[in-house]
Structures are given as structure tokens and as C-alpha cells.
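Since the structure comes first, as C-alpha cells, the remarks are kept for the end.
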Amino acid sequence: MAKSTVGKRSHNNKAGYIFVFPYAALFVVFILAPVVMAVILSFTNFNAIQFPKFVGFLNYINLITSDDVFMKFVLPNTIKYALIVGVGGYVLAFLLAFGLANLPKVPRTIFALILYSPSMTTGVAMSVLWKILFTGDQTGYLNSWLMDIGLINEPIIWLNNAQFLLPIVIIIGLWSSMGVGFLSILAGLLNVDESLYEAAAIDGVKNRFQEMIYVTIPSMKPQMLFAAVMQIVGAFQNGTIATMLAGNPTPGYSAQLIVNHIEDYGFIRYEMGYAAAVSVILLLIVQIFSSVSTKLFGEKD
Amino acid sequence: MAYKGHRMNPDKFEKGQIKIYLLVLPMVLLCGLPIIFIIFHAFKPMEELFAFPPKFITVHPTLDNFVKLIKASRTGSIPLSKYFFNSIFVTIAVVFGSLLFSTMAAYALSKIKFKGAKIMMQINQIALMFVSVAVMIPRYLVVNKLGMIDTYWAEILPLIALPVGLFLIKQFVDQVPDSLIEAAYMDGAKEWQIYLKVILPLIKPAIATAAILVFQQVWNNLETSNYYVNDDSIKALAFYMNTLTSTTTTNTVAGQGIAAAASLIMFLPNLILFCILQKNVMNTMAHSGIK
């Protein structure tokens with residue numbers, strides 16, 4: 001194929017910079033700069049009033065050695081949440097998309113819409129719903145229903161109970177996790193080249209499971225990777241629901257996630273340097289999950 | 001008989017699909033019921049909100065909760081209409097700005113091969129992992145430094161650059177054949193003419209998809225009103241609705257009805273927009289892969 005002239009008239013083309021500039025400027029100011037600042041602040045002691053004081057790795061050392069809440073509750077909760085809502089939600093998204101891809105168009109579209117709609121609520125908008133469902137006395141819907149069928153005798157104070165709060169937050173996380181990633185997987189499944197299946201059948205693929213492992217997933221790796229990134233980011237963005245339901249800190253730190261810990265130190269205690277260090281850890285965790293996904297689905301060229 | 005290979009996207013109902021329905025339906029119910037619940041709850045009259053045992057279905061639907069919502073807003077200093085105006089203004093500004101800047105950038109990054117385009121795209125791709133709640137403090141410091149606290153700018157500018165929006169649009173622009181652009185270029189078209197007349201009409205599905213994603217970011221956004229704006233008169237509807245659904249009000253049963261109505265008002269625009277544009281979304285997602 002001949003090289004396009006689009007490529008040739010390139011390098012000294014000022015138009016490129018002009019077209020990119022507005023987006024790039026806002027990106028740098030509101031995304032890149034805050035991330036860089038978070039990294040810098042994480043090495044300082046900063047109370048939002050006085051000028052930040054450089055303290056080296058002290059915040060990180062404190063985080064690891066003396067922040068009991070972080071080590072005992074926040075980190076295990078976050079890992080549990082990320083594994084179930086991020087990884088579990090991802091597997092669920094794939095299975096549901098796989099099911100839907102095998103249905104005719106009309107039911108598929110309706111089901112996809114219903115599955116996707118919770119993710120539009122972005123946690124906050126629907127926090128009232130969960131408060132009503134999980135009301136702690138017998139007028140609460142879940143309590144009333146469980147008492148009706150005889151599973152419990154007394155109402156459970158769901159949202160103040162350290163035992164139940166994290167599972168509730170995880171369920172809400174899963175509920176709202178069929179987002180853009182799910183749609184991407186579904187679109188990927190529907191666009192796998194059909195001749196690949198025929199060829200694979202000739203090559204000895206015997207059933208749908210083998211087909212999924214050897215044909216479907218390898219041919220939609222890019223979508224799988226995009227979905228993985230979206231899933232994990234979505235999981236962390238929605239993590240703020242716990243404090244909307246039970247306040248910050250959550251009872252006994254039972255559902256305290258890393259995002260809540262940042263809020264706690266940043267906006268309640270005004271220890272911004274420390275909060276920034278926690279932010280950096282969060283960004284690193286997301287990065288780790290993403291690079292694992294890239295290992296799994298990235299295309300090697 | 002040898003396995004023949006199987007195809008996705010069947011045309012009509014087949015017996016084999018029954019087990020898929022059985023597996024998928026419970027999840028569909030689980031996802032759909034809470035939303036149906038909030039719709040029922042928003043239209044419940046007082047005696048049904050108080051009913052014991054509580055009932056899922058509304059027997060005598062009423063607009064009482066919506067009326068009360070409007071009345072409740074009159075007791076405050078800011079009328080509901082002002083919050084509506086703020087949200088609509090901010091949403092339109094962000095969606096328009098974001099679509100304009102993202103499509104421009106996507107065109108440049110995909111089709112004008114200038115120096116640095118590749119690295120910019122890679123940075124944007126890494127930024128897909130950007131979790132904005134993680135950096136709310138430095139973001140606040142930036143907004144503060146720029147003197148935007150208590151202005152509409154603070155609610156608009158931070159939300160315009162949406163990495164996933166640019167990413168999806170750029171993937172779609174990649175599909176536009178270079179030959180079309182070359183032809184226009186030969187005919188003497190300038191870059192901005194190519195952008196307006198060739199690129200934009202061809203990437204409508206991606207624009208629609210980005211519009212939905214940006215809309216959801218800004219319409220539901222609490223961060224900007226909570227942290228960047230102290231002046232109540234320019235805060236967004238999401239903020240006001242959230243005060244209605246906060247712990248104090250939902251403890252009373254009457255407050256629940258109002259809160260449900262508020263949630264419904266916040267949720268519906270998302271749903272309607274998605275229903276209208278869903279075809280475009282699926283079309284865009286087909287090119288969403290990260291290579």
C-alpha cells in the first residue's frame with residue numbers, strides 16, 4: 001500500500017498543535033497538574049494554611065508503620081472491594097455480555113439497557129434508595145421482608161452494623177458496575193468475525209467453552225482491556241457510597257475504603273500532605289490492576 | 001456430528017436460548033428492581049409511605065412528593081428553578097465544550113501526524129485510569145489558585161477534558177479512511193474545513209457516545225458544588241437534591257418520598273438520553289479497544 005500523503009505533509013504542521021491545544025491545556029491544568037501536585041504534596045506536611053513543609057518519606061512511613069486504621073481496615077477493605085467489585089464485576093460483565101450476545105436483538109437491547117442503567121446513577125443519586133431499603137427498624141423494606149419469610153426475628157440495623165456495611169457497599173458496587181466496560185465487551189462479542197468460528201470448528205474446537213477461550217476472547221482482546229480499565233476505575237469512583245450511607249468515618253471503620261480515608265484526612269483533619277500520600281497509593285493500586293490487565297490482554301507486537 | 005461452530009447475535013428465538021434467559025434474568029431483575037422501586041416510591045401518597053408492613057407497589061399514585069419538593073425549596077433562600085438553571089447551563093457548557101475540544105484533538109491526534117501526537121495519545125490512555133476523587137485536594141488547590149472559586153468556571157472547566165471521551169472519539173476517527181481526507185486536501189480544503197465537513201459528519205456515533213458520558217459526569221457531579229463553590233446561588237441541582245437525600249431528611253418518612261422524587265428527577269435525564277442514543281453507543285463501543 002502506498003503511503004498516504006496525510007503522513008507526508010505532517011511534521012511541521014502547526015494545525016495539529018492548534019487543534020490539540022484547548023483539550024491539552026485543560027487536561028494539563030485539571031488532570032495532570034493535580035496528579036503531579038499530589039505526588040509533590042505527599043512528601044510534605046501541609047495543613048492548607050501554612051506553606052507546605054518538606055518532610056521526605058515521612059507520610060509514607062507513617063502510613064505503613066503507624067496508621068493502624070489504614071493497615072487494619074482501609075487497606076484490607078479496599079483490596080476486598082477491588083477484587084469483588086473490580087475483578088468479580090468484570091467477570092460478571094463478561095458472562096452477562098456473553099449471554100446477551102446469544103439472544104436476539106430486541107430482548108438483548110432491553111436487557112442491556114436495564115443492566116446498564118444502575119451505572120448511570122453514579123452512587124450518589126441513588127443513595128436515598130439504599131437508605132430506604134436498608135432502614136434499621138421494622139419499617140425498612142429489607143427488614144420487613146426478611147421478617148416476613150422468617151429469616152430474622154428482629155430488625156437489623158444494617159447501616160450501623162460493622163458486620164453488614166462492607167457487604168452492602170460491595171453489593172451496591174456490583175449493582176452499579178455494568179457500565180461502559182460491559183457495553184464494550186458486548187460490542188466486542190457481537191463483532192467477532194464469524195468465519196473465525198467456522199475455521200476454529202474445522203481445527204477441532206469442540207464446544208462453546210473452548211470457542212470462548214481460543215476464539216472469542218483472543219479476537220476481542222482490545223475491548224477486554226478497555227473494559228478492564230473502565231471496570232477498575234469505576235469501582236474506585238463509586239467507593240464513596242459508604243460515607244453517604246453511614247458517615248465518615250464509617251462505624252468501626254468497617255467499610256472505610258481508601259477514597260474515604262483520603263476524604264477523612266484531607267477535608268476533615270486538614271492533613272493534606274498525608275491525604276496526598278494516600279492518594280498516590282490509590283493511584284498506584286489502580287495502576288497495578290491496569291498493568292495486570294495489560295499483561296493479560298495487551299497485544300504484543 | 002462434528003461441532004459446527006456457533007454464531008452470535010441470533011435472528012430469532014431458539015430453544016437453546018431458554019437457559020440463557022434463566023441465567024441472565026435474575027441479574028436483570030436485581031439491576032432493574034431498585035430503579036423501579038424508586039419510581040414507585042416517588043409516586044406514593046403519605047399513607048402508603050407510612051404503610052406497615054411497607055409495600056413495594058404504589059396503589060394510588062400521586063404527585064404529592066413532587067409538590068412537596070417544590071414547596072420545600074421555597075423555604076430556602078434559593079428557588080428550585082435557580083438550581084435547575086445552574087445545572088442546565090453548566091451541563092450544556094461542559095458537554096458542548098468537551099465535544100468541541102475532544103473532536104478537535106481527536107482529529108489532530110489521529111489524522112494530522114504532528115510531532116508528539118503519539119506520546120499525547122499515550123498520556124491520555126494512561127489518564128483513562130484517572131480517579132478524580134483521588135486528587136480532589138490538589139484539584140481544589142488548582143481551582144483556588146486560578147481564582148475560580150465561587151464562579152461558574154469552577155463547575156465547567158475541570159470537567160471538560162474527559163480522557164475516555166477523547167479516547168473513544170479518537171478510536172472512531174481512526175476508522176475514517178485517509179483517502180477521504182487526502183481527496184479533500186487535494187481539492188484545496190483547509191484543516192478546519194476537513195474537520196467540519198469530512199470528520200464531524202462521519203463520527204456522529206462517537207460524538208453521541210461521548211455526549212452521554214460527559215453528560216453523566218457533569219449532571220450528577222457533586223464535587224464541584226461541594227468543594228469549589230460556597231455561594232449557594234450558583235450551586236448545581238445535584239447538590240440541592242443531595243441535601244434533600246442527606247441523613248437528616250430521610251430519617252423522616254415524609255422526607256423519603258421527597259428524596260425519592262428528587263432522585264428520580266436526577267436519574268431520568270440520564271436514562272432518556274441513553275435510550276435515544278443507545279444505537280450510537282454500541283456502534284462506538286465496537287471500536288473501543290485498547291491495543
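Identifiers for the C-alpha cells are assigned positionally: chains receive A, B, ... in sequence, residues are indexed from 1 per chain, and ligands are indexed from 1 in the order shown.
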Residues within 9 Å of segment 94-103 of chain B, please, as a PyMOL selection string. Count only C-alpha atoms; anything in the same chain fewer than 4 positions from it doesn't count.
(chain A and resi 19-24) or (chain B and resi 89-90+107-108+155-157+159-163+165-167+169-170+173+195+199-200+203+207+210-212+214-215+218)
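Using only C-alpha atoms, the contacts of Thr151 of chain B at a cut-off of 10 Å, with sequence neighbours closer than 2 positions omitted, comprise Gly147, Met148, Ile149, Trp153, Ala154, Glu155, Ile156, Tyr228, Val229, Asn230, Asp231, Ile234 and Lys235 of chain B.
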Every residue of segment 20-125 of chain A that DSSP places in alpha helix (DSSP H), as JSON, numbers by chain: {"A": [20, 21, 22, 23, 24, 25, 26, 27, 33, 34, 35, 36, 37, 38, 39, 40, 41, 58, 59, 60, 61, 62, 63, 64, 65, 68, 69, 75, 76, 77, 78, 79, 80, 81, 89, 90, 91, 92, 93, 94, 95, 96, 97, 98, 99, 100, 101, 105, 106, 107, 108, 109, 110, 111, 112, 113, 114, 115, 116, 117, 118, 119, 120]}
Selected residues, C-alpha atoms, written as a compact mmCIF listing (two decimals), in the first residue's frame, please.
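For reference, part01.txt as written:
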# COMPACT_ATOMS: atom_id res chain seq x y z
CA VAL A 20 -4.97 19.79 20.22
CA PHE A 21 -4.30 22.87 22.31
CA PRO A 22 -7.70 23.53 24.01
CA TYR A 23 -8.09 19.94 25.17
CA ALA A 24 -4.44 19.59 26.11
CA ALA A 25 -4.47 22.81 28.14
CA LEU A 26 -7.47 21.74 30.21
CA PHE A 27 -6.05 18.24 30.54
CA ALA A 33 -1.18 19.10 37.37
CA PRO A 34 -3.32 17.74 40.23
CA VAL A 35 -1.67 14.33 39.90
CA VAL A 36 1.82 15.86 39.92
CA MET A 37 0.84 18.08 42.85
CA ALA A 38 -0.48 15.08 44.75
CA VAL A 39 2.89 13.40 44.34
CA ILE A 40 4.76 16.53 45.49
CA LEU A 41 2.40 17.22 48.40
CA LEU A 58 7.63 10.62 56.46
CA ASN A 59 3.99 10.45 55.30
CA TYR A 60 4.57 7.13 53.59
CA ILE A 61 6.50 5.80 56.59
CA ASN A 62 3.67 6.85 58.91
CA LEU A 63 1.12 5.32 56.58
CA ILE A 64 2.85 1.96 56.69
CA THR A 65 4.12 1.89 60.27
CA ASP A 68 -3.47 1.39 62.33
CA VAL A 69 -6.77 2.32 60.72
CA LEU A 75 -6.28 -1.47 53.00
CA PRO A 76 -7.95 -4.88 53.53
CA ASN A 77 -11.38 -3.35 52.80
CA THR A 78 -10.10 -1.72 49.65
CA ILE A 79 -8.45 -4.88 48.40
CA LYS A 80 -11.58 -6.89 49.15
CA TYR A 81 -13.75 -4.29 47.43
CA GLY A 89 -17.73 -7.35 38.40
CA TYR A 90 -15.56 -7.73 35.34
CA VAL A 91 -16.11 -11.47 35.12
CA LEU A 92 -19.82 -10.91 35.68
CA ALA A 93 -19.86 -8.27 32.94
CA PHE A 94 -18.27 -10.71 30.54
CA LEU A 95 -20.65 -13.54 31.39
CA LEU A 96 -23.71 -11.31 31.11
CA ALA A 97 -22.49 -9.82 27.84
CA PHE A 98 -21.80 -13.33 26.55
CA GLY A 99 -25.34 -14.37 27.45
CA LEU A 100 -26.85 -11.28 25.86
CA ALA A 101 -24.81 -11.71 22.68
CA LYS A 105 -31.67 -8.12 19.15
CA VAL A 106 -34.81 -6.86 20.88
CA PRO A 107 -34.51 -8.69 24.21
CA ARG A 108 -30.76 -8.07 24.12
CA THR A 109 -31.21 -4.31 23.80
CA ILE A 110 -33.79 -4.17 26.58
CA PHE A 111 -31.70 -6.28 28.95
CA ALA A 112 -28.54 -4.33 28.19
CA LEU A 113 -30.35 -1.10 28.96
CA ILE A 114 -31.61 -2.42 32.29
CA LEU A 115 -28.21 -3.79 33.27
CA TYR A 116 -26.50 -0.55 32.29
CA SER A 117 -28.95 1.82 33.97
CA PRO A 118 -27.62 1.46 37.56
CA SER A 119 -24.23 2.70 36.40
CA MET A 120 -25.87 5.97 35.30
Dump as a ChimeraX atom specification the residues of chain B that approach chain A to within 6 Å, counting only C-alpha atoms. /B:3-5,8-12,20,28,31-32,101,104-105,108,112-115,129,134,138-139,158,161,245,263,282,285-286,289-291
**Asked** If you count only C-alpha atoms, which residues fall within 10 Å of Ile39 of chain B, apart from same-chain ones fewer than 4 positions away, as a list in words?
**Response** Leu33, Pro34, Ile35, Phe43, Lys44, Ile57, Thr58, Ala260, Ala261, Ser263, Leu264, Ile265 and Leu268 of chain B
Report as an NGL selection string all protein, DNA and RNA residues lying within 7 Å of Phe172 of chain B, evaluated on only C-alpha atoms, omitting residues in the same chain fewer than 4 positions from it. :B and (168 or 203 or 206 or 284 or 287)
- Message: Considering only strand (DSSP E or B) as DSSP defines it on the backbone, what residues of segment 35-90 of chain A qualify? List them as number ranges by chain.
- Response: A: 44-45, 53-54
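Shortest separation to Ala93 of chain B among B:Trp219, B:Ser225, B:Val133, B:Thr209 occurs at residue B:Trp219, atoms counted being only C-alpha atoms.
For the residues B:Lys197, B:Leu202, B:Ile70, B:Asn144, ranking by smallest atom-to-atom distance to Phe84 of chain B using only C-alpha atoms places B:Ile70 first.
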